[in-house]
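> Pasting in a structure now, in structure tokens, and then I'll have a few things to ask.
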Amino acid sequence: MGVLNVSEESPYDPSVYDDPGEAAAYVDEELIGEGADIVDVGLESANKDLDVLSAEQELDRLDTAVETLESTSGDAVWSIETRYHEVADEALSRGFDMVNDICGFADPEMPRVCREHDVAVSKMASPPDLERPGAIEDVDDIYEALSMNGLTDKTILDPAFGGWSEAKTHEDDRETFHRLREFRGYGRPLLVSINRKSFLKTVAGRSTEEALPVSLAATSMAVERGAHVIRTHDVAETRDAALIGAEFARDRYAGGADDAVAVAELDVTTVREAGRHLDRIGAPRAADGDRDPAEAAVVRTYELDGLGDAAVGALRAATVGGDASAATFALGDPNRAGVPTTPTTTDGGTGDRANGGSAGGALPDRRRGLLIGTPDAIESVRESVSGVSDALDAALDGIAANVS
């Protein structure tokens, strides 16, 4: 999704035009010509420090957007960015194909308009306030905000990256990005707008002008985590980054003919993501006493290094016919104990035991192995081996605190 702004107050100058002819040339050459499938036209800046335009003021600017659409020669889906159903209705009646609602149906008439025109609508997580787009301060509230005033059959969800309010921090955006797969729980396509965002710039210490590389890195990761639409000012480069993310994303099985049982493997890596999918289908949340069935939906693998004989015996007993038989413990070959390991940061460590990495080889006369199982099963292991040794208790308590 490439961006065109017809508002002089918009902050990113390369995308701002008030002349339809110049705007059309930009769209044909820099957006569609560079690989944009969607052209998103903004009638006003969403900068929280600027006054919000009324629907009437946005309508006054719509002519420029429509003239631009009519003057382009390239083929693309045209999206109108607006928070008002009146503006969306007029734009869709005059040639636009899609709506980008940055207030997420705070205008309760917006879903009706989109249904009547039978168009896709991107819905950004926002409060029920037309003057506060994206201003959800608590990451835990984003998911519920996306359901405000319902969803149409063609709703695309946007979790709202960026500094939409003073209270929202870069750490909030980073947590939202970490949890991106969770928003797949609605079973809807995802849109992300992360181009040159501050929460990425500060990681590398880059200015807006220098921030394209960090945006591209995040784009590949977002696509791998399930994003379907990437909104950007840098179309050519972002297209390439998105293609790389798509190429190397893990294939998930989907199958089943019309008259057979359909199968769709879900992209689930955490207990919370599994819980969202359970919510989506209306599944009961307690399948095993008080345990959430999501606890049995994700497998975790832990390398335990420095195990004594008693700990090895207890782990084996718990996972072979014991109370925690749903987990597996595999003891390593002691002849390989001295082989160093150098995990990357994505493996969860630096290779420095003192700094939280793996040991770089087991300690003399102590052994290592892999503990594999669902969070539910690993909790059963912890309960079964409790008291065998203080060191093992501490290790498994640490897992329990972080497994979900």
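Convention: chains lettered A, B, ... in structure tokens order; per-chain residue numbering from 1; ligands numbered from 1 as shown.
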With only C-alpha atoms as the counted atoms, please give the residues lying no more than 12 Å from Glu22 of chain A, apart from itself and same-chain residues fewer than 6 positions off, as a list of chain:residue names.
A:Leu4, A:Asn5, A:Val6, A:Pro14, A:Ser15, A:Val16, A:Asp28, A:Glu29, A:Glu30, A:Thr64, A:Ala65, A:Glu67, A:Thr68, A:Leu69, A:Ser71, A:Thr72
> Take the residues from that selection and write them out as an mmCIF file, in the first residue's frame, keeping N, CA, C and O atoms.

```cif
data_model
loop_
_atom_site.group_PDB
_atom_site.id
_atom_site.type_symbol
_atom_site.label_atom_id
_atom_site.label_comp_id
_atom_site.auth_asym_id
_atom_site.auth_seq_id
_atom_site.Cartn_x
_atom_site.Cartn_y
_atom_site.Cartn_z
ATOM 1 N N LEU A 4 -0.321 8.461 -0.673
ATOM 2 C CA LEU A 4 -0.408 9.788 -1.286
ATOM 3 C C LEU A 4 -1.181 10.684 -0.334
ATOM 4 O O LEU A 4 -2.253 10.314 0.141
ATOM 5 N N ASN A 5 -0.646 11.859 -0.030
ATOM 6 C CA ASN A 5 -1.334 12.822 0.826
ATOM 7 C C ASN A 5 -1.692 14.071 0.016
ATOM 8 O O ASN A 5 -0.863 14.591 -0.733
ATOM 9 N N VAL A 6 -2.919 14.525 0.174
ATOM 10 C CA VAL A 6 -3.340 15.765 -0.481
ATOM 11 C C VAL A 6 -3.600 16.833 0.581
ATOM 12 O O VAL A 6 -4.455 17.689 0.427
ATOM 13 N N PRO A 14 7.764 14.032 0.656
ATOM 14 C CA PRO A 14 7.775 13.369 -0.659
ATOM 15 C C PRO A 14 6.429 12.825 -1.121
ATOM 16 O O PRO A 14 6.243 12.563 -2.310
ATOM 17 N N SER A 15 5.477 12.662 -0.220
ATOM 18 C CA SER A 15 4.192 12.084 -0.627
ATOM 19 C C SER A 15 3.071 13.120 -0.674
ATOM 20 O O SER A 15 1.917 12.766 -0.878
ATOM 21 N N VAL A 16 3.375 14.415 -0.504
ATOM 22 C CA VAL A 16 2.344 15.441 -0.368
ATOM 23 C C VAL A 16 2.181 16.231 -1.671
ATOM 24 O O VAL A 16 3.144 16.801 -2.188
ATOM 25 N N ASP A 28 1.675 7.254 -10.579
ATOM 26 C CA ASP A 28 2.041 6.358 -11.674
ATOM 27 C C ASP A 28 3.504 5.939 -11.623
ATOM 28 O O ASP A 28 3.845 4.786 -11.893
ATOM 29 N N GLU A 29 4.379 6.887 -11.265
ATOM 30 C CA GLU A 29 5.816 6.609 -11.315
ATOM 31 C C GLU A 29 6.347 6.020 -10.013
ATOM 32 O O GLU A 29 7.081 5.015 -10.036
ATOM 33 N N GLU A 30 5.999 6.628 -8.888
ATOM 34 C CA GLU A 30 6.630 6.266 -7.623
ATOM 35 C C GLU A 30 5.843 5.237 -6.812
ATOM 36 O O GLU A 30 6.407 4.577 -5.941
ATOM 37 N N THR A 64 -9.633 16.941 -5.177
ATOM 38 C CA THR A 64 -8.244 16.730 -5.592
ATOM 39 C C THR A 64 -7.919 15.247 -5.666
ATOM 40 O O THR A 64 -7.272 14.780 -6.615
ATOM 41 N N ALA A 65 -8.384 14.495 -4.681
ATOM 42 C CA ALA A 65 -8.131 13.058 -4.663
ATOM 43 C C ALA A 65 -8.812 12.363 -5.839
ATOM 44 O O ALA A 65 -8.214 11.502 -6.505
ATOM 45 N N GLU A 67 -9.774 13.725 -8.753
ATOM 46 C CA GLU A 67 -9.119 14.142 -9.997
ATOM 47 C C GLU A 67 -7.808 13.392 -10.201
ATOM 48 O O GLU A 67 -7.445 13.037 -11.328
ATOM 49 N N THR A 68 -7.087 13.145 -9.099
ATOM 50 C CA THR A 68 -5.845 12.382 -9.193
ATOM 51 C C THR A 68 -6.133 10.960 -9.651
ATOM 52 O O THR A 68 -5.476 10.433 -10.558
ATOM 53 N N LEU A 69 -7.121 10.335 -9.046
ATOM 54 C CA LEU A 69 -7.504 8.973 -9.424
ATOM 55 C C LEU A 69 -7.847 8.907 -10.906
ATOM 56 O O LEU A 69 -7.407 7.998 -11.628
ATOM 57 N N SER A 71 -6.837 10.770 -13.253
ATOM 58 C CA SER A 71 -5.734 11.171 -14.130
ATOM 59 C C SER A 71 -4.616 10.138 -14.204
ATOM 60 O O SER A 71 -3.678 10.295 -14.995
ATOM 61 N N THR A 72 -4.691 9.100 -13.390
ATOM 62 C CA THR A 72 -3.626 8.097 -13.407
ATOM 63 C C THR A 72 -3.900 7.046 -14.471
ATOM 64 O O THR A 72 -5.045 6.787 -14.843
#
```
> For Leu212 of chain A, please output as a list in words all residues within 12 Å (counting only C-alpha atoms; exclusion window: fewer than 5 positions along the same chain).
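With the cut-off at 12 Å, the set is Ile194, Asn195, Arg196, Lys197, Ser198, Leu200, Lys201, Ala204, Arg206, Ser207, Ala217, Ala218, Thr219, Thr232, His233, Asp234, Val235, Ala236, Glu237, Thr238 and Ala241 of chain A.
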> Restricted to N, CA, C and O atoms, what would the selected residues look like written as an mmCIF file, in the first residue's frame?

```
data_model
loop_
_atom_site.group_PDB
_atom_site.id
_atom_site.type_symbol
_atom_site.label_atom_id
_atom_site.label_comp_id
_atom_site.auth_asym_id
_atom_site.auth_seq_id
_atom_site.Cartn_x
_atom_site.Cartn_y
_atom_site.Cartn_z
ATOM 1 N N ILE A 194 4.487 0.608 9.465
ATOM 2 C CA ILE A 194 5.683 0.719 10.309
ATOM 3 C C ILE A 194 6.789 1.504 9.617
ATOM 4 O O ILE A 194 7.898 1.607 10.147
ATOM 5 N N ASN A 195 6.487 2.087 8.465
ATOM 6 C CA ASN A 195 7.507 2.760 7.667
ATOM 7 C C ASN A 195 8.155 3.912 8.434
ATOM 8 O O ASN A 195 7.492 4.889 8.779
ATOM 9 N N ARG A 196 9.441 3.769 8.736
ATOM 10 C CA ARG A 196 10.250 4.802 9.405
ATOM 11 C C ARG A 196 9.666 5.223 10.755
ATOM 12 O O ARG A 196 9.824 6.373 11.177
ATOM 13 N N LYS A 197 8.988 4.309 11.435
ATOM 14 C CA LYS A 197 8.389 4.634 12.727
ATOM 15 C C LYS A 197 9.476 4.778 13.807
ATOM 16 O O LYS A 197 10.512 4.117 13.770
ATOM 17 N N SER A 198 9.179 5.617 14.792
ATOM 18 C CA SER A 198 10.163 5.930 15.824
ATOM 19 C C SER A 198 10.570 4.715 16.639
ATOM 20 O O SER A 198 11.718 4.597 17.069
ATOM 21 N N LEU A 200 11.202 1.879 15.699
ATOM 22 C CA LEU A 200 12.263 1.194 14.958
ATOM 23 C C LEU A 200 13.515 2.062 14.880
ATOM 24 O O LEU A 200 14.635 1.574 15.047
ATOM 25 N N LYS A 201 13.324 3.348 14.636
ATOM 26 C CA LYS A 201 14.469 4.257 14.497
ATOM 27 C C LYS A 201 15.336 4.257 15.748
ATOM 28 O O LYS A 201 16.567 4.289 15.660
ATOM 29 N N ALA A 204 18.112 1.479 16.266
ATOM 30 C CA ALA A 204 19.383 1.651 15.568
ATOM 31 C C ALA A 204 19.967 3.049 15.723
ATOM 32 O O ALA A 204 21.068 3.311 15.232
ATOM 33 N N ARG A 206 18.725 5.955 14.426
ATOM 34 C CA ARG A 206 18.679 6.593 13.116
ATOM 35 C C ARG A 206 17.641 7.702 13.068
ATOM 36 O O ARG A 206 16.614 7.646 13.759
ATOM 37 N N SER A 207 17.884 8.690 12.220
ATOM 38 C CA SER A 207 16.895 9.731 11.955
ATOM 39 C C SER A 207 15.878 9.205 10.953
ATOM 40 O O SER A 207 16.052 8.116 10.378
ATOM 41 N N ALA A 217 13.885 -4.156 7.379
ATOM 42 C CA ALA A 217 14.093 -5.332 8.228
ATOM 43 C C ALA A 217 12.793 -5.705 8.938
ATOM 44 O O ALA A 217 12.395 -6.876 8.975
ATOM 45 N N ALA A 218 12.112 -4.704 9.495
ATOM 46 C CA ALA A 218 10.861 -4.956 10.199
ATOM 47 C C ALA A 218 9.773 -5.428 9.243
ATOM 48 O O ALA A 218 8.913 -6.240 9.620
ATOM 49 N N THR A 219 9.792 -4.943 8.004
ATOM 50 C CA THR A 219 8.797 -5.369 7.010
ATOM 51 C C THR A 219 8.886 -6.864 6.754
ATOM 52 O O THR A 219 7.877 -7.579 6.747
ATOM 53 N N THR A 232 3.318 1.963 3.180
ATOM 54 C CA THR A 232 4.667 2.519 3.107
ATOM 55 C C THR A 232 4.752 3.739 2.208
ATOM 56 O O THR A 232 3.951 3.904 1.283
ATOM 57 N N HIS A 233 5.735 4.578 2.478
ATOM 58 C CA HIS A 233 6.099 5.668 1.579
ATOM 59 C C HIS A 233 7.222 5.246 0.632
ATOM 60 O O HIS A 233 7.517 5.962 -0.331
ATOM 61 N N ASP A 234 7.884 4.135 0.914
ATOM 62 C CA ASP A 234 9.038 3.663 0.134
ATOM 63 C C ASP A 234 8.661 2.370 -0.570
ATOM 64 O O ASP A 234 9.002 1.270 -0.125
ATOM 65 N N VAL A 235 7.952 2.498 -1.677
ATOM 66 C CA VAL A 235 7.287 1.339 -2.275
ATOM 67 C C VAL A 235 8.265 0.317 -2.831
ATOM 68 O O VAL A 235 8.169 -0.875 -2.524
ATOM 69 N N ALA A 236 9.196 0.737 -3.664
ATOM 70 C CA ALA A 236 10.063 -0.228 -4.339
ATOM 71 C C ALA A 236 10.852 -1.064 -3.349
ATOM 72 O O ALA A 236 10.892 -2.305 -3.442
ATOM 73 N N GLU A 237 11.465 -0.411 -2.384
ATOM 74 C CA GLU A 237 12.284 -1.128 -1.406
ATOM 75 C C GLU A 237 11.427 -2.006 -0.503
ATOM 76 O O GLU A 237 11.794 -3.149 -0.191
ATOM 77 N N THR A 238 10.273 -1.488 -0.086
ATOM 78 C CA THR A 238 9.404 -2.244 0.812
ATOM 79 C C THR A 238 8.833 -3.466 0.113
ATOM 80 O O THR A 238 8.677 -4.535 0.724
ATOM 81 N N ALA A 241 11.445 -6.148 0.329
ATOM 82 C CA ALA A 241 11.542 -6.694 1.690
ATOM 83 C C ALA A 241 10.352 -7.602 1.993
ATOM 84 O O ALA A 241 10.501 -8.649 2.633
#
```
> Just the strand (DSSP E) stuff from segment 127-208 of chain A, please, per backbone DSSP, written as an NGL selection string.
:A and (155-158 or 191-193)
> Using DSSP on the backbone, list every residue of segment 9-167 of chain A that comes out as alpha helix (DSSP H), and give them as number ranges by chain.
A: 20-26, 55-71, 85-93, 110-117, 139-145
> Could you give me, as a list in words, the residues within 12 Å of Val385 of chain A, counting only C-alpha atoms and dropping anything in the same chain fewer than 6 positions from it?
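My list of contacting residues is Ala310, Ala311, Val312, Gly313, Ala314, Leu315, Arg316, Ala317, Ala318, Thr319, Gly322, Asp323, Ala324, Ile378, Glu379, Ala391, Leu392, Asp393, Ala394, Ala395, Leu396 and Asp397 of chain A.
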> Print the selection's residues with C-alpha atoms to a file, as an mmCIF file, in the first residue's frame.

```
data_model
loop_
_atom_site.group_PDB
_atom_site.id
_atom_site.type_symbol
_atom_site.label_atom_id
_atom_site.label_comp_id
_atom_site.auth_asym_id
_atom_site.auth_seq_id
_atom_site.Cartn_x
_atom_site.Cartn_y
_atom_site.Cartn_z
ATOM 1 C CA ALA A 310 19.473 -37.124 40.822
ATOM 2 C CA ALA A 311 18.044 -34.469 38.505
ATOM 3 C CA VAL A 312 18.527 -36.698 35.448
ATOM 4 C CA GLY A 313 16.797 -39.589 37.171
ATOM 5 C CA ALA A 314 13.861 -37.449 38.279
ATOM 6 C CA LEU A 315 13.363 -35.935 34.824
ATOM 7 C CA ARG A 316 13.435 -39.373 33.213
ATOM 8 C CA ALA A 317 10.963 -40.776 35.719
ATOM 9 C CA ALA A 318 8.569 -37.862 35.264
ATOM 10 C CA THR A 319 8.521 -38.059 31.478
ATOM 11 C CA GLY A 322 5.085 -40.634 35.057
ATOM 12 C CA ASP A 323 2.721 -37.775 35.762
ATOM 13 C CA ALA A 324 4.337 -35.667 33.010
ATOM 14 C CA ILE A 378 6.333 -28.838 31.484
ATOM 15 C CA GLU A 379 4.405 -27.565 34.494
ATOM 16 C CA ALA A 391 19.281 -26.058 41.311
ATOM 17 C CA LEU A 392 16.694 -27.988 39.291
ATOM 18 C CA ASP A 393 13.837 -26.314 41.178
ATOM 19 C CA ALA A 394 15.311 -22.894 40.355
ATOM 20 C CA ALA A 395 15.710 -23.777 36.673
ATOM 21 C CA LEU A 396 12.149 -25.064 36.321
ATOM 22 C CA ASP A 397 10.730 -22.143 38.325
#
```
> With a distance cut-off of 10 Å and only C-alpha atoms, select the neighbouring residues of Ile281 of chain A, excluding the residue or stretch itself and same-chain residues fewer than 3 positions from it, and output the selection as a list in words.
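In the requested format, the answer is Gly185, Tyr186, Gly187, Arg276, His277, Leu278 and Pro284 of chain A.
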> Find the spatial neighbours of Ala135 of chain A, counting only C-alpha atoms, within a cut-off of 8 Å - ignore same-chain residues fewer than 2 positions away - and output them as number ranges by chain.
A: 126-127, 132-133, 137, 164-165, 168
> Would you save the residues from that selection as an mmCIF file, in the first residue's frame, using all heavy atoms?

```cif
data_model
loop_
_atom_site.group_PDB
_atom_site.id
_atom_site.type_symbol
_atom_site.label_atom_id
_atom_site.label_comp_id
_atom_site.auth_asym_id
_atom_site.auth_seq_id
_atom_site.Cartn_x
_atom_site.Cartn_y
_atom_site.Cartn_z
ATOM 1 N N SER A 126 -8.496 1.794 17.763
ATOM 2 C CA SER A 126 -8.661 3.150 18.284
ATOM 3 C C SER A 126 -9.709 3.178 19.382
ATOM 4 O O SER A 126 -10.530 2.268 19.501
ATOM 5 C CB SER A 126 -9.093 4.108 17.161
ATOM 6 O OG SER A 126 -8.048 4.315 16.238
ATOM 7 N N PRO A 127 -9.709 4.268 20.175
ATOM 8 C CA PRO A 127 -10.788 4.449 21.150
ATOM 9 C C PRO A 127 -12.081 4.843 20.428
ATOM 10 O O PRO A 127 -12.055 5.202 19.244
ATOM 11 C CB PRO A 127 -10.291 5.613 22.023
ATOM 12 C CG PRO A 127 -8.863 5.825 21.664
ATOM 13 C CD PRO A 127 -8.708 5.333 20.258
ATOM 14 N N ARG A 132 -9.308 10.865 18.429
ATOM 15 C CA ARG A 132 -8.160 10.202 19.042
ATOM 16 C C ARG A 132 -7.801 8.918 18.287
ATOM 17 O O ARG A 132 -7.818 7.815 18.837
ATOM 18 C CB ARG A 132 -8.435 9.885 20.507
ATOM 19 C CG ARG A 132 -8.717 11.124 21.353
ATOM 20 C CD ARG A 132 -8.914 10.763 22.816
ATOM 21 N NE ARG A 132 -7.693 10.240 23.394
ATOM 22 C CZ ARG A 132 -7.561 9.050 23.990
ATOM 23 N NH1 ARG A 132 -8.597 8.233 24.049
ATOM 24 N NH2 ARG A 132 -6.419 8.670 24.508
ATOM 25 N N PRO A 133 -7.448 9.014 17.002
ATOM 26 C CA PRO A 133 -7.097 7.804 16.252
ATOM 27 C C PRO A 133 -5.891 7.103 16.867
ATOM 28 O O PRO A 133 -4.909 7.730 17.248
ATOM 29 C CB PRO A 133 -6.767 8.334 14.853
ATOM 30 C CG PRO A 133 -6.386 9.765 15.064
ATOM 31 C CD PRO A 133 -7.254 10.228 16.188
ATOM 32 N N GLU A 137 -3.387 3.094 24.764
ATOM 33 C CA GLU A 137 -2.127 3.126 25.494
ATOM 34 C C GLU A 137 -1.681 1.758 26.011
ATOM 35 O O GLU A 137 -0.493 1.508 26.161
ATOM 36 C CB GLU A 137 -2.225 4.110 26.674
ATOM 37 C CG GLU A 137 -2.103 5.578 26.282
ATOM 38 C CD GLU A 137 -3.419 6.157 25.768
ATOM 39 O OE1 GLU A 137 -4.490 5.635 26.139
ATOM 40 O OE2 GLU A 137 -3.370 7.120 24.975
ATOM 41 N N TRP A 164 0.498 7.706 18.578
ATOM 42 C CA TRP A 164 -0.821 8.320 18.428
ATOM 43 C C TRP A 164 -1.260 9.073 19.679
ATOM 44 O O TRP A 164 -2.259 9.781 19.645
ATOM 45 C CB TRP A 164 -1.851 7.250 18.075
ATOM 46 C CG TRP A 164 -1.608 6.592 16.748
ATOM 47 C CD1 TRP A 164 -0.977 5.415 16.535
ATOM 48 C CD2 TRP A 164 -1.967 7.083 15.459
ATOM 49 N NE1 TRP A 164 -0.925 5.136 15.195
ATOM 50 C CE2 TRP A 164 -1.544 6.148 14.503
ATOM 51 C CE3 TRP A 164 -2.629 8.233 15.014
ATOM 52 C CZ2 TRP A 164 -1.732 6.307 13.148
ATOM 53 C CZ3 TRP A 164 -2.839 8.392 13.652
ATOM 54 C CH2 TRP A 164 -2.393 7.442 12.736
ATOM 55 N N SER A 165 -0.549 8.905 20.783
ATOM 56 C CA SER A 165 -0.864 9.658 21.990
ATOM 57 C C SER A 165 0.420 9.833 22.786
ATOM 58 O O SER A 165 1.404 9.100 22.596
ATOM 59 C CB SER A 165 -1.911 8.926 22.838
ATOM 60 O OG SER A 165 -1.369 7.727 23.368
ATOM 61 N N LYS A 168 1.542 6.692 24.803
ATOM 62 C CA LYS A 168 2.007 5.499 24.108
ATOM 63 C C LYS A 168 3.516 5.572 23.895
ATOM 64 O O LYS A 168 4.023 6.549 23.354
ATOM 65 C CB LYS A 168 1.281 5.350 22.772
ATOM 66 C CG LYS A 168 1.510 4.010 22.103
ATOM 67 C CD LYS A 168 0.637 3.883 20.871
ATOM 68 C CE LYS A 168 0.796 2.533 20.213
ATOM 69 N NZ LYS A 168 -0.010 2.415 18.984
#
```
> Tell me, as a ChimeraX atom specification, which residues lie within 10 Å of Asp97 of chain A, counting only C-alpha atoms; anything in the same chain fewer than 2 positions away does not count.
/A:38-39,76-80,88,91-95,99,114,117-121
> Could you turn the residues from that selection into a file that holds N, CA and C atoms, as a PDB file, in the first residue's frame?

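Wrote part_5.pdb, looks like this:
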```
ATOM      1  N   ILE A  38      -1.996  -1.049  -3.831  1.00  0.00           N
ATOM      2  CA  ILE A  38      -3.028  -0.172  -3.280  1.00  0.00           C
ATOM      3  C   ILE A  38      -2.449   1.226  -3.151  1.00  0.00           C
ATOM      4  N   VAL A  39      -3.244   2.237  -3.501  1.00  0.00           N
ATOM      5  CA  VAL A  39      -2.871   3.636  -3.293  1.00  0.00           C
ATOM      6  C   VAL A  39      -3.781   4.195  -2.208  1.00  0.00           C
ATOM      7  N   ALA A  76      -4.470   0.009  -9.909  1.00  0.00           N
ATOM      8  CA  ALA A  76      -4.313  -0.223  -8.474  1.00  0.00           C
ATOM      9  C   ALA A  76      -5.665  -0.111  -7.791  1.00  0.00           C
ATOM     10  N   VAL A  77      -5.741  -0.624  -6.582  1.00  0.00           N
ATOM     11  CA  VAL A  77      -6.894  -0.412  -5.711  1.00  0.00           C
ATOM     12  C   VAL A  77      -6.702   0.947  -5.035  1.00  0.00           C
ATOM     13  N   TRP A  78      -7.741   1.785  -5.067  1.00  0.00           N
ATOM     14  CA  TRP A  78      -7.648   3.120  -4.476  1.00  0.00           C
ATOM     15  C   TRP A  78      -8.373   3.136  -3.137  1.00  0.00           C
ATOM     16  N   SER A  79      -7.640   3.512  -2.102  1.00  0.00           N
ATOM     17  CA  SER A  79      -8.158   3.544  -0.740  1.00  0.00           C
ATOM     18  C   SER A  79      -8.251   4.988  -0.265  1.00  0.00           C
ATOM     19  N   ILE A  80      -9.346   5.324   0.386  1.00  0.00           N
ATOM     20  CA  ILE A  80      -9.505   6.661   0.957  1.00  0.00           C
ATOM     21  C   ILE A  80      -9.311   6.555   2.465  1.00  0.00           C
ATOM     22  N   ALA A  88     -16.332   8.610   3.339  1.00  0.00           N
ATOM     23  CA  ALA A  88     -16.163   7.294   2.713  1.00  0.00           C
ATOM     24  C   ALA A  88     -17.239   7.049   1.664  1.00  0.00           C
ATOM     25  N   ALA A  91     -16.519   9.204  -1.441  1.00  0.00           N
ATOM     26  CA  ALA A  91     -15.340   8.734  -2.167  1.00  0.00           C
ATOM     27  C   ALA A  91     -15.629   7.430  -2.908  1.00  0.00           C
ATOM     28  N   LEU A  92     -16.323   6.504  -2.258  1.00  0.00           N
ATOM     29  CA  LEU A  92     -16.642   5.229  -2.892  1.00  0.00           C
ATOM     30  C   LEU A  92     -17.606   5.424  -4.059  1.00  0.00           C
ATOM     31  N   SER A  93     -18.469   6.420  -3.952  1.00  0.00           N
ATOM     32  CA  SER A  93     -19.409   6.715  -5.044  1.00  0.00           C
ATOM     33  C   SER A  93     -18.702   7.348  -6.241  1.00  0.00           C
ATOM     34  N   ARG A  94     -17.510   7.895  -6.008  1.00  0.00           N
ATOM     35  CA  ARG A  94     -16.793   8.605  -7.065  1.00  0.00           C
ATOM     36  C   ARG A  94     -15.544   7.876  -7.545  1.00  0.00           C
ATOM     37  N   GLY A  95     -15.463   6.574  -7.285  1.00  0.00           N
ATOM     38  CA  GLY A  95     -14.391   5.799  -7.904  1.00  0.00           C
ATOM     39  C   GLY A  95     -13.425   5.104  -6.976  1.00  0.00           C
ATOM     40  N   VAL A  99     -11.642   1.631   1.934  1.00  0.00           N
ATOM     41  CA  VAL A  99     -11.573   2.641   2.990  1.00  0.00           C
ATOM     42  C   VAL A  99     -10.485   2.259   3.978  1.00  0.00           C
ATOM     43  N   CYS A 114     -19.526   0.705   4.293  1.00  0.00           N
ATOM     44  CA  CYS A 114     -18.614  -0.227   3.624  1.00  0.00           C
ATOM     45  C   CYS A 114     -19.344  -1.487   3.160  1.00  0.00           C
ATOM     46  N   HIS A 117     -21.422  -0.636  -0.017  1.00  0.00           N
ATOM     47  CA  HIS A 117     -20.590  -0.530  -1.219  1.00  0.00           C
ATOM     48  C   HIS A 117     -19.820  -1.824  -1.501  1.00  0.00           C
ATOM     49  N   ASP A 118     -19.898  -2.786  -0.563  1.00  0.00           N
ATOM     50  CA  ASP A 118     -19.234  -4.079  -0.715  1.00  0.00           C
ATOM     51  C   ASP A 118     -17.733  -3.913  -0.959  1.00  0.00           C
ATOM     52  N   VAL A 119     -17.088  -3.129  -0.081  1.00  0.00           N
ATOM     53  CA  VAL A 119     -15.659  -2.857  -0.251  1.00  0.00           C
ATOM     54  C   VAL A 119     -14.867  -3.303   0.969  1.00  0.00           C
ATOM     55  N   ALA A 120     -13.577  -3.477   0.756  1.00  0.00           N
ATOM     56  CA  ALA A 120     -12.663  -3.749   1.859  1.00  0.00           C
ATOM     57  C   ALA A 120     -12.492  -2.486   2.689  1.00  0.00           C
ATOM     58  N   VAL A 121     -12.274  -2.681   3.999  1.00  0.00           N
ATOM     59  CA  VAL A 121     -12.037  -1.547   4.887  1.00  0.00           C
ATOM     60  C   VAL A 121     -10.967  -1.935   5.894  1.00  0.00           C
TER      61      VAL A 121
END
```
